[in-house]
$ cat input-v2.csv   # CSV, C-alpha atoms
chain,number,residue,atom,x,y,z
A,8,MET,CA,29.0,62.5,15.0
A,9,ARG,CA,32.6,61.3,14.9
A,10,ASP,CA,32.9,57.8,16.3
A,11,THR,CA,35.8,58.9,18.5
A,12,LEU,CA,33.6,61.3,20.4
A,13,ARG,CA,31.9,58.3,22.1
A,14,TYR,CA,35.1,58.0,24.1
A,15,LYS,CA,35.3,61.5,25.3
A,16,ASN,CA,36.5,61.7,29.0
A,17,LYS,CA,34.1,64.2,30.5
A,18,ASP,CA,35.7,63.8,34.0
A,19,TYR,CA,39.2,64.8,32.9
A,20,VAL,CA,40.4,68.0,34.6
A,21,PRO,CA,42.7,69.9,32.1
A,22,LEU,CA,46.2,71.0,33.1
A,23,HIS,CA,45.9,73.9,30.6
A,24,ALA,CA,42.3,75.0,30.2
A,25,SER,CA,43.2,77.2,27.3
A,26,LEU,CA,43.9,74.1,25.2
A,27,PHE,CA,40.2,73.3,25.5
A,28,ASP,CA,38.8,76.7,24.7
A,29,PRO,CA,38.0,77.5,21.0
A,30,ASN,CA,38.2,81.2,21.7
A,31,GLN,CA,41.9,80.9,22.6
A,32,ILE,CA,43.1,79.1,19.5
A,33,LYS,CA,44.3,82.3,17.9
A,34,ASP,CA,46.7,82.9,20.9
A,35,TYR,CA,48.4,79.7,20.1
A,36,LEU,CA,48.9,80.4,16.4
A,37,LYS,CA,51.8,82.2,14.7
A,38,LYS,CA,50.8,85.8,13.7
A,39,GLU,CA,51.9,85.5,10.1
A,40,PHE,CA,49.8,82.4,9.6
A,41,VAL,CA,46.7,84.0,11.1
A,42,GLU,CA,47.1,87.1,9.0
A,43,ALA,CA,47.5,85.1,5.8
A,44,ILE,CA,44.4,83.0,6.5
A,45,GLU,CA,42.3,86.1,7.4
A,46,ARG,CA,43.4,87.8,4.2
A,47,TRP,CA,42.4,84.7,2.1
A,48,LYS,CA,39.0,84.6,3.7
A,49,GLU,CA,38.4,88.2,2.6
A,50,GLN,CA,39.9,87.7,-0.9
A,51,LYS,CA,37.7,84.7,-1.6
A,52,LYS,CA,34.8,87.0,-1.8
A,53,VAL,CA,36.3,89.0,-4.6
A,54,ASP,CA,37.4,87.6,-8.0
A,55,GLU,CA,39.6,90.5,-9.0
A,56,GLY,CA,43.3,89.8,-8.2
A,57,LYS,CA,42.4,86.6,-6.5
A,58,GLN,CA,45.0,84.4,-8.1
A,59,GLU,CA,47.8,86.9,-7.6
A,60,ILE,CA,47.0,87.3,-3.9
A,61,ARG,CA,46.6,83.5,-3.6
A,62,LYS,CA,50.1,82.9,-4.9
A,63,LYS,CA,51.6,85.5,-2.5
A,64,LEU,CA,49.8,84.0,0.5
A,65,ILE,CA,50.9,80.5,-0.3
A,66,ALA,CA,54.5,81.8,-0.6
A,67,GLN,CA,54.1,83.6,2.7
A,68,ILE,CA,53.1,80.5,4.8
A,69,LEU,CA,54.0,77.4,2.8
A,70,LYS,CA,57.6,76.5,1.9
A,71,PRO,CA,57.9,73.7,-0.7
A,72,VAL,CA,60.1,70.9,0.7
A,73,PHE,CA,59.6,68.7,-2.4
A,74,PHE,CA,56.7,68.0,-4.8
A,75,GLY,CA,53.4,67.9,-2.9
A,76,VAL,CA,55.0,68.5,0.5
A,77,TYR,CA,55.2,71.9,2.2
A,78,ARG,CA,56.8,73.1,5.4
A,79,ILE,CA,54.5,75.2,7.6
A,80,GLU,CA,54.9,77.1,10.9
A,81,LEU,CA,51.5,77.1,12.7
A,82,PHE,CA,51.8,76.9,16.4
A,83,THR,CA,53.8,78.8,19.0
A,84,GLU,CA,56.5,77.4,21.3
A,85,THR,CA,54.1,77.7,24.2
A,86,PHE,CA,51.5,75.6,22.4
A,87,CYS,CA,54.0,72.8,21.8
A,88,LYS,CA,55.0,72.8,25.5
A,89,HIS,CA,51.5,72.9,26.8
A,90,LEU,CA,50.2,70.1,24.5
A,91,ILE,CA,53.0,67.8,25.5
A,92,GLU,CA,52.3,68.5,29.2
A,93,GLU,CA,48.6,67.9,28.6
A,94,CYS,CA,49.2,64.6,26.9
A,95,ILE,CA,51.5,63.4,29.7
A,96,ASN,CA,49.0,64.5,32.3
A,97,PHE,CA,46.1,62.7,30.7
A,98,GLU,CA,48.0,59.5,30.4
A,99,ASN,CA,49.1,59.7,34.0
A,100,THR,CA,45.7,60.4,35.4
A,101,CYS,CA,43.2,58.6,33.1
A,102,GLU,CA,42.7,55.2,31.5
A,103,VAL,CA,43.4,55.7,27.8
A,104,LYS,CA,40.8,53.9,25.8
A,105,LEU,CA,41.8,54.9,22.3
A,106,ARG,CA,45.1,54.9,20.4
A,107,PRO,CA,45.6,57.2,17.4
A,108,ASN,CA,45.2,54.7,14.6
A,109,SER,CA,45.9,51.1,13.6
A,110,MET,CA,49.6,51.6,13.3
A,111,ASN,CA,50.6,53.8,16.3
A,112,LYS,CA,50.3,52.1,19.7
A,113,ASN,CA,51.5,55.2,21.6
A,114,GLY,CA,49.8,58.5,21.8
A,115,LEU,CA,46.3,60.0,22.3
A,116,VAL,CA,43.2,60.9,20.3
A,117,CYS,CA,42.3,64.5,21.1
A,118,ASP,CA,38.6,63.8,21.1
A,119,GLU,CA,39.0,61.4,24.0
A,120,MET,CA,41.0,64.0,26.0
A,121,GLY,CA,38.1,66.5,25.5
A,122,GLN,CA,39.6,68.8,22.9
A,123,ASP,CA,36.9,68.2,20.3
A,124,GLN,CA,35.6,71.8,20.3
A,125,PHE,CA,39.1,73.3,20.1
A,126,TRP,CA,40.0,71.3,17.0
A,127,ASP,CA,36.6,71.6,15.4
A,128,ALA,CA,37.1,75.3,15.6
A,129,PHE,CA,40.6,75.1,14.3
A,130,VAL,CA,39.6,73.1,11.2
A,131,GLU,CA,36.6,75.4,10.5
A,132,ASN,CA,38.5,78.7,10.9
A,133,TYR,CA,42.0,77.8,9.8
A,134,PHE,CA,42.6,74.4,8.3
A,135,ARG,CA,39.6,74.6,5.9
A,136,PRO,CA,40.7,78.0,4.5
A,137,LEU,CA,44.2,76.7,4.3
A,138,GLY,CA,43.0,73.7,2.2
A,139,SER,CA,41.0,76.0,0.0
A,140,LEU,CA,44.0,78.3,-0.5
A,141,LEU,CA,46.3,75.5,-1.6
A,142,SER,CA,43.8,73.6,-3.7
A,143,GLU,CA,41.9,76.5,-5.2
A,144,GLY,CA,38.7,75.5,-3.4
A,145,GLU,CA,38.8,71.8,-4.1
A,146,ASN,CA,39.6,70.8,-0.5
A,147,GLU,CA,36.7,72.2,1.5
A,148,LEU,CA,37.6,70.3,4.7
A,149,ASP,CA,34.6,69.7,7.0
A,150,ASP,CA,35.8,66.9,9.3
A,151,HIS,CA,39.0,65.7,11.0
A,152,HIS,CA,40.7,63.1,13.1
A,153,THR,CA,43.2,64.8,15.3
A,154,PHE,CA,45.7,62.9,17.5
A,155,ILE,CA,49.2,63.0,19.1
A,156,VAL,CA,51.8,60.3,18.4
A,157,ALA,CA,54.7,59.5,20.7
A,158,TYR,CA,58.0,57.9,19.8
A,159,ASN,CA,60.7,56.9,22.3
A,160,ALA,CA,64.1,55.5,21.3
A,161,GLU,CA,65.0,54.2,24.8
A,162,LYS,CA,61.9,52.4,26.0
A,163,GLU,CA,61.2,48.9,24.6
A,164,ASN,CA,57.4,49.2,24.6
A,165,MET,CA,57.3,52.5,22.7
A,166,ASP,CA,57.0,53.2,19.0
A,167,LYS,CA,60.3,54.0,17.3
A,168,LYS,CA,59.3,54.0,13.6
A,169,LEU,CA,56.3,53.8,11.3
A,170,ASP,CA,56.0,51.7,8.2
A,171,LEU,CA,55.0,53.0,4.8
A,172,HIS,CA,51.3,53.9,4.6
A,173,VAL,CA,48.8,56.5,3.4
A,174,ASP,CA,46.5,58.5,5.6
A,175,ASP,CA,42.7,58.3,5.8
A,176,ALA,CA,42.7,62.0,5.0
A,177,ASP,CA,42.3,64.4,2.1
A,178,MET,CA,45.0,66.7,3.6
A,179,THR,CA,47.4,66.0,6.5
A,180,ILE,CA,49.2,68.3,8.9
A,181,ASN,CA,52.1,66.6,10.7
A,182,PHE,CA,53.5,69.1,13.3
A,183,CYS,CA,56.6,68.4,15.5
A,184,LEU,CA,55.9,69.4,19.2
A,185,GLY,CA,59.2,68.2,20.7
A,186,THR,CA,61.0,67.2,22.8
A,187,LYS,CA,64.5,68.7,22.5
A,188,GLY,CA,67.5,66.4,21.8
A,189,PHE,CA,65.7,63.7,19.7
A,190,GLU,CA,67.6,62.3,16.8
A,191,GLY,CA,66.4,60.3,13.8
A,192,GLY,CA,62.8,59.6,13.1
A,193,GLN,CA,62.8,61.4,9.7
A,194,VAL,CA,59.7,61.2,7.5
A,195,TYR,CA,60.2,59.6,4.1
A,196,PHE,CA,57.9,59.9,1.1
A,197,ARG,CA,57.5,57.3,-1.7
A,198,GLY,CA,55.3,58.9,-4.2
A,199,HIS,CA,51.5,59.2,-4.5
A,200,ALA,CA,49.1,56.3,-4.3
A,201,ASP,CA,47.2,57.5,-7.4
A,202,VAL,CA,50.5,57.0,-9.4
A,203,PRO,CA,51.5,53.4,-8.6
A,204,GLU,CA,54.8,53.5,-10.4
A,205,SER,CA,55.9,56.5,-8.2
A,206,ILE,CA,56.8,54.2,-5.3
A,207,LYS,CA,59.8,53.0,-7.4
A,208,THR,CA,61.0,56.4,-8.6
A,209,GLU,CA,60.4,58.7,-5.7
A,210,PHE,CA,62.2,58.7,-2.3
A,211,ASN,CA,62.4,61.9,-0.3
A,212,VAL,CA,63.3,62.5,3.3
A,213,TYR,CA,62.2,65.3,5.6
A,214,GLU,CA,63.9,66.1,8.9
A,215,HIS,CA,61.5,67.1,11.7
A,216,GLU,CA,62.2,70.4,13.6
A,217,ILE,CA,60.4,71.4,16.8
A,218,GLY,CA,57.9,74.1,16.1
A,219,LYS,CA,57.5,73.3,12.4
A,220,GLY,CA,55.3,70.9,10.5
A,221,ILE,CA,54.5,69.6,7.1
A,222,LEU,CA,51.4,69.7,5.0
A,223,HIS,CA,50.7,67.0,2.4
A,224,ASP,CA,48.0,65.0,0.5
A,225,GLY,CA,46.8,62.1,2.6
A,226,LEU,CA,47.5,59.7,-0.3
A,227,HIS,CA,51.1,60.7,-0.5
A,228,ARG,CA,52.8,57.5,0.7
A,229,HIS,CA,55.1,58.0,3.7
A,230,GLY,CA,56.6,56.5,6.8
A,231,ALA,CA,58.9,57.4,9.7
A,232,MET,CA,62.4,56.2,10.0
A,233,PRO,CA,63.6,54.8,13.4
A,234,LEU,CA,64.1,57.3,16.2
A,235,THR,CA,67.6,56.8,17.4
A,236,LYS,CA,67.8,59.1,20.5
A,237,GLY,CA,65.4,60.7,22.9
A,238,GLN,CA,61.6,61.0,22.5
A,239,ARG,CA,59.4,63.0,20.1
A,240,TYR,CA,55.7,64.0,20.1
A,241,ASN,CA,53.9,65.0,16.9
A,242,LEU,CA,50.5,66.5,16.4
A,243,ILE,CA,48.7,64.9,13.4
A,244,ILE,CA,45.6,66.4,11.9
A,245,TRP,CA,43.8,64.4,9.2
A,246,GLY,CA,41.5,66.8,7.4
A,247,ARG,CA,38.6,65.3,5.5
A,248,CYS,CA,36.1,66.4,2.9
A,249,LEU,CA,33.1,64.3,4.0
A,250,SER,CA,30.8,66.1,1.6
A,251,ILE,CA,32.9,65.0,-1.4
A,252,ARG,CA,33.4,61.5,0.0
A,253,LYS,CA,29.7,61.0,0.2
A,254,GLN,CA,29.3,61.7,-3.5
A,255,LYS,CA,31.7,59.0,-4.5

$ encode --input "input-v2.csv" --output "structure tokens"
Amino acid sequence: MRDTLRYKNKDYVPLHASLFDPNQIKDYLKKEFVEAIERWKEQKKVDEGKQEIRKKLIAQILKPVFFGVYRIELFTETFCKHLIEECINFENTCEVKLRPNSMNKNGLVCDEMGQDQFWDAFVENYFRPLGSLLSEGENELDDHHTFIVAYNAEKENMDKKLDLHVDDADMTINFCLGTKGFEGGQVYFRGHADVPESIKTEFNVYEHEIGKGILHDGLHRHGAMPLTKGQRYNLIIWGRCLSIRKQK
């Protein structure tokens, strides 16, 4: 059992019940993404033509930003709006016991909010096949740490940037939820941790857009530049291959 589940707030009354129902995940996902994942699930059973189909599906849903980082459109505009509202409602009505990680002091862990079954189902039915599609079966994700981070340029006690780091993940989704009008806060990448010298030779910057996200290896070093205007919420999903980690 994930350690974060010990903090699940069983008394919380959701603002949007659909965000807690695994059967409604598909309604919150972009149609093109769902179709590609379902096609890949079927294609994995058949060797003939697999590589050609795999390349077409990757091109359909993953747009290279720079080496090892892909732009992806997963969730609908309604999802973005609902999840921000849910996050604000939880913080306004409950005592928050967990923060996302050791670096972000603002935001929520989705397990504490009671979304564990929703995100378990997303990882099993969509993120795991996505990882398999991109890595040719090497990243069979079987666990996750899912959380929301919040940045605010105006309030003194709110996060505004994030220092360079790597994720405790085998594959990361970083999805921009909103809100409209924010400026700054770009994500920068400084090479891969497995290639020490890359920190000196690689520096790439990604501009967040509401309703779009990025997918990358958890060991790809990255950070967030200062947010200079407004506020921004991001959904972060750290996908993990526990079965492989246990073998190391």

$ residues_near_point --input "input-v2.csv" --point "(50.3, 51.4, 13.9)" --cutoff "12 Å" --atoms "all atoms listed in the file" --output "number ranges by chain"
A: 106-114, 156-158, 165-174, 230-231

$ atom_distance --input "input-v2.csv" --atom1 "atom CA of Asn241 of chain A" --atom2 "atom CA of Leu64 of chain A"
25.4 Å

$ closest_residue --input "input-v2.csv" --among "A:Leu234, A:Val130, A:Ile180, A:Ala43" --to "Asn159 of chain A" --atoms "all atoms listed in the file"
A:Leu234

$ residues_around --input "input-v2.csv" --residues "segment 67-72 of chain A" --least-positions-apart "6" --cutoff "10 Å" --atoms "only C-alpha atoms" --output "mmCIF file with C-alpha atoms, keeping the file's coordinate frame"
data_model
loop_
_atom_site.group_PDB
_atom_site.id
_atom_site.type_symbol
_atom_site.label_atom_id
_atom_site.label_comp_id
_atom_site.auth_asym_id
_atom_site.auth_seq_id
_atom_site.Cartn_x
_atom_site.Cartn_y
_atom_site.Cartn_z
ATOM 1 C CA GLU A 39 51.900 85.500 10.100
ATOM 2 C CA PHE A 40 49.800 82.400 9.600
ATOM 3 C CA VAL A 41 46.700 84.000 11.100
ATOM 4 C CA GLU A 42 47.100 87.100 9.000
ATOM 5 C CA ALA A 43 47.500 85.100 5.800
ATOM 6 C CA ILE A 44 44.400 83.000 6.500
ATOM 7 C CA ARG A 61 46.600 83.500 -3.600
ATOM 8 C CA ARG A 78 56.800 73.100 5.400
ATOM 9 C CA ILE A 79 54.500 75.200 7.600
ATOM 10 C CA GLU A 80 54.900 77.100 10.900
ATOM 11 C CA LEU A 81 51.500 77.100 12.700
ATOM 12 C CA LEU A 137 44.200 76.700 4.300
ATOM 13 C CA LEU A 141 46.300 75.500 -1.600
ATOM 14 C CA ASN A 211 62.400 61.900 -0.300
ATOM 15 C CA VAL A 212 63.300 62.500 3.300
ATOM 16 C CA TYR A 213 62.200 65.300 5.600
ATOM 17 C CA ILE A 221 54.500 69.600 7.100
ATOM 18 C CA LEU A 222 51.400 69.700 5.000
#

$ closest_residue --input "input-v2.csv" --among "A:Leu148, A:Asn30, A:Lys15, A:Ile217" --to "Glu102 of chain A" --atoms "all atoms listed in the file"
A:Lys15

$ residues_around --input "input-v2.csv" --residues "Ser139 of chain A" --least-positions-apart "2" --cutoff "12 Å" --atoms "all atoms listed in the file" --output "list in words"
Ile44, Trp47, Lys48, Gln50, Lys51, Arg61, Leu64, Ile65, Val130, Glu131, Asn132, Tyr133, Phe134, Arg135, Pro136, Leu137, Leu141, Ser142, Glu143, Gly144, Glu145, Asn146, Glu147, Leu148, Asp149, Asp177, Met178, Gly246 and Cys248 of chain A

$ atom_distance --input "input-v2.csv" --atom1 "atom CA of Thr235 of chain A" --atom2 "atom CA of Glu161 of chain A"
8.3 Å

$ atom_distance --input "input-v2.csv" --atom1 "atom CA of Ile155 of chain A" --atom2 "atom CA of Ile243 of chain A"
6.0 Å

$ residues_around --input "input-v2.csv" --residues "Thr83 of chain A" --least-positions-apart "2" --cutoff "8 Å" --atoms "all atoms listed in the file" --output "list of chain:residue names"
A:Tyr35, A:Leu36, A:Lys37, A:Leu81, A:Thr85, A:Phe86, A:Cys87, A:Gly218

$ closest_residue --input "input-v2.csv" --among "A:Ser250, A:Thr100, A:Ser25, A:Thr186" --to "His215 of chain A" --atoms "all atoms listed in the file"
A:Thr186

$ residues_around --input "input-v2.csv" --residues "Ile91 of chain A" --least-positions-apart "2" --cutoff "8 Å" --atoms "all atoms listed in the file" --output "number ranges by chain"
A: 87-89, 93-95, 184-185, 240
